[in-house]
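Visitor: Coordinates in entry_1.csv, CSV, C-alpha atoms, are listed below.
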chain,number,residue,atom,x,y,z
I,1,GLN,CA,-4.1,-17.2,9.3
I,2,VAL,CA,-3.7,-14.2,7.1
I,3,LEU,CA,-0.1,-13.1,6.6
I,4,LEU,CA,1.1,-9.9,4.8
I,5,VAL,CA,4.8,-9.6,4.2
I,6,GLU,CA,6.3,-6.5,2.7
I,7,SER,CA,9.7,-6.2,1.1
I,8,GLY,CA,11.7,-3.9,-1.2
I,9,GLY,CA,12.5,-1.0,1.0
I,10,GLY,CA,15.9,0.5,1.3
I,11,LEU,CA,18.1,3.6,1.2
I,12,VAL,CA,17.8,5.7,-2.0
I,13,GLN,CA,18.6,9.2,-3.2
I,14,PRO,CA,16.1,11.9,-4.2
I,15,GLY,CA,14.7,11.2,-7.6
I,16,ASP,CA,15.3,7.5,-7.4
I,17,SER,CA,12.7,4.7,-7.8
I,18,LEU,CA,11.7,1.7,-5.7
I,19,LYS,CA,9.2,-1.1,-6.0
I,20,LEU,CA,7.7,-2.5,-2.8
I,21,SER,CA,6.0,-5.9,-2.7
I,22,CYS,CA,3.4,-7.3,-0.3
I,23,VAL,CA,2.9,-11.0,-0.4
I,24,ALA,CA,-0.5,-12.0,0.9
I,25,SER,CA,-1.4,-15.5,2.1
I,26,GLY,CA,-3.8,-17.4,4.3
I,27,ARG,CA,-7.1,-16.9,2.4
I,28,THR,CA,-8.7,-15.8,-0.8
I,29,PHE,CA,-8.7,-12.0,-1.1
I,30,ASP,CA,-11.4,-11.6,-3.8
I,31,SER,CA,-13.6,-9.6,-1.4
I,32,TYR,CA,-10.8,-7.5,-0.1
I,33,THR,CA,-9.4,-4.0,-0.6
I,34,MET,CA,-5.6,-3.9,-0.3
I,35,ALA,CA,-3.8,-0.7,0.6
I,36,TRP,CA,-0.4,0.9,1.3
I,37,PHE,CA,0.1,3.2,4.2
I,38,ARG,CA,3.2,4.8,5.6
I,39,GLN,CA,4.3,6.2,9.0
I,40,ALA,CA,7.1,8.6,9.6
I,41,PRO,CA,8.6,9.1,13.1
I,42,GLY,CA,6.3,11.2,15.2
I,43,LYS,CA,3.5,11.2,12.7
I,44,GLU,CA,0.3,9.3,12.2
I,45,ARG,CA,-0.1,6.5,9.8
I,46,GLU,CA,-1.2,8.0,6.5
I,47,PHE,CA,-3.0,6.5,3.5
I,48,LEU,CA,-1.1,6.3,0.2
I,49,ALA,CA,-2.9,4.0,-2.2
I,50,ALA,CA,-5.5,1.3,-2.4
I,51,ILE,CA,-6.7,-1.3,-4.9
I,52,THR,CA,-9.7,-3.6,-4.9
I,53,TRP,CA,-8.4,-7.2,-5.4
I,54,ARG,CA,-11.2,-8.3,-7.6
I,55,GLY,CA,-11.9,-5.2,-9.6
I,56,GLY,CA,-8.6,-3.4,-9.7
I,57,ASP,CA,-10.1,-0.1,-8.8
I,58,THR,CA,-7.4,2.3,-7.5
I,59,ASP,CA,-7.1,5.5,-5.6
I,60,TYR,CA,-4.2,7.6,-4.4
I,61,ASP,CA,-3.4,10.3,-1.9
I,62,ASP,CA,-2.7,13.6,-3.6
I,63,SER,CA,0.9,13.6,-2.1
I,64,VAL,CA,1.8,10.6,-4.2
I,65,LYS,CA,-0.6,10.8,-7.2
I,66,GLY,CA,1.4,10.7,-10.4
I,67,ARG,CA,4.5,9.3,-8.7
I,68,PHE,CA,3.3,6.1,-7.1
I,69,THR,CA,1.4,3.2,-8.8
I,70,VAL,CA,-0.4,0.4,-7.0
I,71,LEU,CA,-0.6,-2.9,-8.8
I,72,ARG,CA,-1.7,-6.4,-7.9
I,73,ASP,CA,-0.9,-9.9,-9.3
I,74,LYS,CA,-3.8,-12.1,-8.5
I,75,THR,CA,-2.0,-15.2,-9.7
I,76,TRP,CA,0.7,-14.9,-7.0
I,77,ASN,CA,-1.3,-12.9,-4.4
I,78,VAL,CA,1.2,-10.0,-4.5
I,79,MET,CA,0.5,-6.3,-4.3
I,80,TYR,CA,3.1,-3.8,-5.4
I,81,LEU,CA,3.8,-0.1,-4.9
I,82,ARG,CA,5.9,1.3,-7.6
I,83,MET,CA,7.5,4.6,-6.4
I,84,ASN,CA,9.1,7.1,-8.7
I,85,SER,CA,10.7,10.5,-8.2
I,86,LEU,CA,11.2,9.8,-4.5
I,87,LYS,CA,11.5,12.8,-2.2
I,88,PHE,CA,13.0,13.3,1.3
I,89,GLU,CA,9.5,13.5,2.7
I,90,ASP,CA,8.8,10.0,1.4
I,91,THR,CA,11.0,8.6,4.2
I,92,ALA,CA,8.9,6.4,6.4
I,93,VAL,CA,8.0,2.8,7.3
I,94,TYR,CA,5.7,1.5,4.6
I,95,TYR,CA,2.9,-0.9,5.4
I,96,CYS,CA,0.5,-3.0,3.4
I,97,ALA,CA,-3.0,-3.7,4.7
I,98,ALA,CA,-6.0,-5.8,3.8
I,99,GLY,CA,-9.7,-5.2,4.7
I,100,GLU,CA,-13.1,-6.4,3.6
I,101,ILE,CA,-14.1,-2.9,2.5
I,102,GLY,CA,-15.0,-3.5,-1.1
I,103,ALA,CA,-14.4,-6.1,-3.8
I,104,PHE,CA,-14.9,-4.3,-7.1
I,105,THR,CA,-15.2,-0.6,-6.4
I,106,LEU,CA,-13.3,1.3,-3.7
I,107,VAL,CA,-15.5,2.5,-0.8
I,108,ARG,CA,-14.6,6.0,0.1
I,109,PRO,CA,-13.9,7.4,2.7
I,110,ASP,CA,-13.5,4.0,4.4
I,111,ILE,CA,-10.4,3.2,2.4
I,112,TYR,CA,-8.5,6.1,3.9
I,113,ARG,CA,-9.0,5.0,7.5
I,114,PRO,CA,-6.4,2.5,9.0
I,115,ASP,CA,-9.1,1.2,11.4
I,116,LYS,CA,-11.0,-0.2,8.5
I,117,TYR,CA,-8.3,-2.7,7.7
I,118,ASP,CA,-8.2,-6.1,9.4
I,119,PHE,CA,-4.7,-7.2,8.6
I,120,TRP,CA,-1.3,-5.5,8.4
I,121,GLY,CA,2.2,-6.4,7.4
I,122,GLN,CA,5.2,-5.7,9.6
I,123,GLY,CA,6.4,-2.8,7.5
I,124,THR,CA,9.5,-2.0,5.3
I,125,GLN,CA,11.7,1.0,5.8
I,126,VAL,CA,12.2,3.5,2.9
I,127,THR,CA,14.8,6.2,3.5
I,128,VAL,CA,15.4,8.9,1.0
I,129,SER,CA,18.7,10.7,1.6
I,130,SER,CA,21.5,12.3,-0.3
Represent the structure contained in this file as structure tokens.
Guide:
Amino acid sequence: QVLLVESGGGLVQPGDSLKLSCVASGRTFDSYTMAWFRQAPGKEREFLAAITWRGGDTDYDDSVKGRFTVLRDKTWNVMYLRMNSLKFEDTAVYYCAAGEIGAFTLVRPDIYRPDKYDFWGQGTQVTVSS
């Protein structure tokens, strides 16, 4: 059984940094693309970043490019989202996801679509407030 567990969310001030973690278990993820999405109240789930587990190819939404970095540790099966210069509008529940979309190179535009991912974590809340 595949399990994705996010952690690292919290309450921060504008300009602060956070690092989210997503621990993946239950299978080998070499053929998977892993991604981060977020969902704010009343809004649709939106793509933030993706990485191929085997190749390490990455992509970002324009709203977070240059501020967020997606990383993976293949030894411990953990994906990270390092978030810098956080803004009020970054407030949301953050989810990690896994799907057999591509192993080496990201497959666009599939990676941007939530329905292309087979497994999801439970989410971790990030609140940016002064």
Visitor: Would you pick out the contacts of Tyr32 of chain I at 6 Å or less, using only C-alpha atoms, so that residues sharing its chain but fewer than 4 positions from it are not included, and give the list as a list in words?
Guide: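 That gives Trp53, Gly99, Glu100, Gly102 and Ala103 of chain I.
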Visitor: Residues within 10 Å of segment 83-94 of chain I, please, as an NGL selection string. Count all atoms listed in the file; anything in the same chain fewer than 2 positions from it doesn't count.
Guide: :I and (6-20 or 36-41 or 43 or 45-46 or 48 or 63-64 or 66-70 or 80-81 or 96 or 121-130)
Visitor: Using all atoms listed in the file, find the one residue out of I:Asp61, I:Ile101, I:Thr28, I:Met34 that sits nearest to Met79 of chain I.
Guide: I:Met34
Visitor: Segment 74-76 of chain I: which residues within 12 Å, counting only C-alpha atoms, same-chain residues fewer than 5 positions away excluded, as a list in words?
Guide: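 Here the qualifying residues turn out to be Ser21, Cys22, Val23, Ala24, Ser25, Thr28, Phe29, Asp30, Tyr32, Met34, Ile51, Thr52, Trp53, Arg54, Gly55 and Gly56 of chain I.
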Visitor: Atom CA of Phe119 of chain I and atom CA of Lys65 of chain I, how far apart in Å?
Guide: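 Atom-to-atom, atom CA of Lys65 of chain I and atom CA of Phe119 of chain I are spaced 24.3 Å apart.
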Visitor: Please report the interatomic distance between atom CA of Arg27 of chain I and atom CA of Gln1 of chain I in Å with one decimal.
Guide: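 These two atoms are separated by 7.5 Å.
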Visitor: Could you check the closest approach to Arg113 of chain I for each of I:Val78, I:Ala97, I:Thr58, I:Arg72 and tell me which residue wins, using only C-alpha atoms?
Guide: I:Ala97
Visitor: Work out how far atom CA of Ala35 of chain I is from atom CA of Val2 of chain I, in Å to one decimal.
Guide: 15.0 Å
Visitor: With only C-alpha atoms as the basis for distance, which of I:Tyr112, I:Tyr95, I:Trp120, I:Phe104 is at the shortest distance from Ala50 of chain I?
Guide: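 Selected residue with least distance to Ala50 of chain I: I:Tyr112.
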Visitor: Is it possible to add all heavy atoms to segment 27-38 of chain I and hand it back as a tab-separated table (two decimals), keeping the file's coordinate frame?
Guide:
chain	number	residue	atom	x	y	z
I	27	ARG	N	-5.71	-16.81	2.85
I	27	ARG	CA	-7.10	-16.90	2.40
I	27	ARG	C	-7.23	-16.32	1.02
I	27	ARG	O	-6.27	-15.83	0.46
I	27	ARG	CB	-8.01	-16.08	3.37
I	27	ARG	CG	-7.81	-14.58	3.36
I	27	ARG	CD	-8.87	-13.90	4.21
I	27	ARG	NE	-8.84	-14.44	5.57
I	27	ARG	CZ	-9.76	-14.19	6.48
I	27	ARG	NH1	-10.80	-13.42	6.17
I	27	ARG	NH2	-9.68	-14.69	7.70
I	28	THR	N	-8.44	-16.41	0.50
I	28	THR	CA	-8.70	-15.80	-0.80
I	28	THR	C	-9.07	-14.32	-0.54
I	28	THR	O	-9.83	-13.99	0.37
I	28	THR	CB	-9.95	-16.49	-1.44
I	28	THR	OG1	-9.65	-17.87	-1.60
I	28	THR	CG2	-10.25	-15.87	-2.78
I	29	PHE	N	-8.51	-13.45	-1.36
I	29	PHE	CA	-8.70	-12.00	-1.10
I	29	PHE	C	-9.64	-11.35	-2.11
I	29	PHE	O	-9.65	-10.13	-2.22
I	29	PHE	CB	-7.28	-11.35	-1.22
I	29	PHE	CG	-6.40	-11.72	-0.07
I	29	PHE	CD1	-5.53	-12.80	-0.16
I	29	PHE	CD2	-6.45	-11.02	1.13
I	29	PHE	CE1	-4.72	-13.16	0.91
I	29	PHE	CE2	-5.65	-11.37	2.20
I	29	PHE	CZ	-4.79	-12.45	2.09
I	30	ASP	N	-10.47	-12.14	-2.76
I	30	ASP	CA	-11.40	-11.60	-3.80
I	30	ASP	C	-12.32	-10.52	-3.21
I	30	ASP	O	-12.75	-9.64	-3.95
I	30	ASP	CB	-12.21	-12.71	-4.40
I	30	ASP	CG	-11.43	-13.43	-5.48
I	30	ASP	OD1	-10.31	-12.99	-5.80
I	30	ASP	OD2	-11.93	-14.43	-6.00
I	31	SER	N	-12.66	-10.60	-1.95
I	31	SER	CA	-13.60	-9.60	-1.40
I	31	SER	C	-12.88	-8.48	-0.66
I	31	SER	O	-13.51	-7.67	0.01
I	31	SER	CB	-14.53	-10.32	-0.39
I	31	SER	OG	-13.79	-10.86	0.69
I	32	TYR	N	-11.56	-8.41	-0.84
I	32	TYR	CA	-10.80	-7.50	-0.10
I	32	TYR	C	-10.33	-6.25	-0.88
I	32	TYR	O	-10.14	-6.30	-2.09
I	32	TYR	CB	-9.50	-8.16	0.45
I	32	TYR	CG	-9.76	-8.95	1.71
I	32	TYR	CD1	-10.47	-10.13	1.68
I	32	TYR	CD2	-9.28	-8.49	2.92
I	32	TYR	CE1	-10.72	-10.84	2.84
I	32	TYR	CE2	-9.50	-9.21	4.09
I	32	TYR	CZ	-10.22	-10.37	4.05
I	32	TYR	OH	-10.46	-11.08	5.19
I	33	THR	N	-10.15	-5.17	-0.15
I	33	THR	CA	-9.40	-4.00	-0.60
I	33	THR	C	-8.03	-4.08	0.03
I	33	THR	O	-7.92	-4.33	1.23
I	33	THR	CB	-10.10	-2.71	-0.23
I	33	THR	OG1	-11.30	-2.57	-1.00
I	33	THR	CG2	-9.20	-1.51	-0.50
I	34	MET	N	-7.01	-3.87	-0.77
I	34	MET	CA	-5.60	-3.90	-0.30
I	34	MET	C	-5.10	-2.42	-0.38
I	34	MET	O	-5.46	-1.69	-1.31
I	34	MET	CB	-4.75	-4.78	-1.11
I	34	MET	CG	-5.31	-6.17	-1.29
I	34	MET	SD	-5.18	-7.18	0.18
I	34	MET	CE	-3.45	-7.56	0.19
I	35	ALA	N	-4.25	-2.06	0.55
I	35	ALA	CA	-3.80	-0.70	0.60
I	35	ALA	C	-2.34	-0.58	1.04
I	35	ALA	O	-1.81	-1.49	1.68
I	35	ALA	CB	-4.67	0.16	1.47
I	36	TRP	N	-1.74	0.56	0.75
I	36	TRP	CA	-0.40	0.90	1.30
I	36	TRP	C	-0.61	2.18	2.14
I	36	TRP	O	-1.27	3.15	1.75
I	36	TRP	CB	0.54	1.26	0.14
I	36	TRP	CG	0.98	0.06	-0.63
I	36	TRP	CD1	0.47	-0.39	-1.81
I	36	TRP	CD2	2.04	-0.84	-0.28
I	36	TRP	NE1	1.15	-1.52	-2.21
I	36	TRP	CE2	2.12	-1.82	-1.28
I	36	TRP	CE3	2.93	-0.91	0.80
I	36	TRP	CZ2	3.05	-2.86	-1.25
I	36	TRP	CZ3	3.85	-1.94	0.84
I	36	TRP	CH2	3.92	-2.91	-0.18
I	37	PHE	N	-0.01	2.12	3.31
I	37	PHE	CA	0.10	3.20	4.20
I	37	PHE	C	1.56	3.45	4.54
I	37	PHE	O	2.40	2.60	4.27
I	37	PHE	CB	-0.66	2.94	5.53
I	37	PHE	CG	-2.15	2.97	5.43
I	37	PHE	CD1	-2.84	1.91	4.84
I	37	PHE	CD2	-2.88	4.03	5.92
I	37	PHE	CE1	-4.22	1.93	4.75
I	37	PHE	CE2	-4.26	4.06	5.84
I	37	PHE	CZ	-4.94	3.00	5.26
I	38	ARG	N	1.87	4.59	5.15
I	38	ARG	CA	3.20	4.80	5.60
I	38	ARG	C	3.14	5.60	6.94
I	38	ARG	O	2.16	6.29	7.22
I	38	ARG	CB	4.09	5.54	4.63
I	38	ARG	CG	3.71	6.99	4.38
I	38	ARG	CD	4.56	7.57	3.27
I	38	ARG	NE	4.18	8.94	2.97
I	38	ARG	CZ	4.60	9.61	1.90
I	38	ARG	NH1	5.44	9.03	1.02
I	38	ARG	NH2	4.20	10.85	1.69
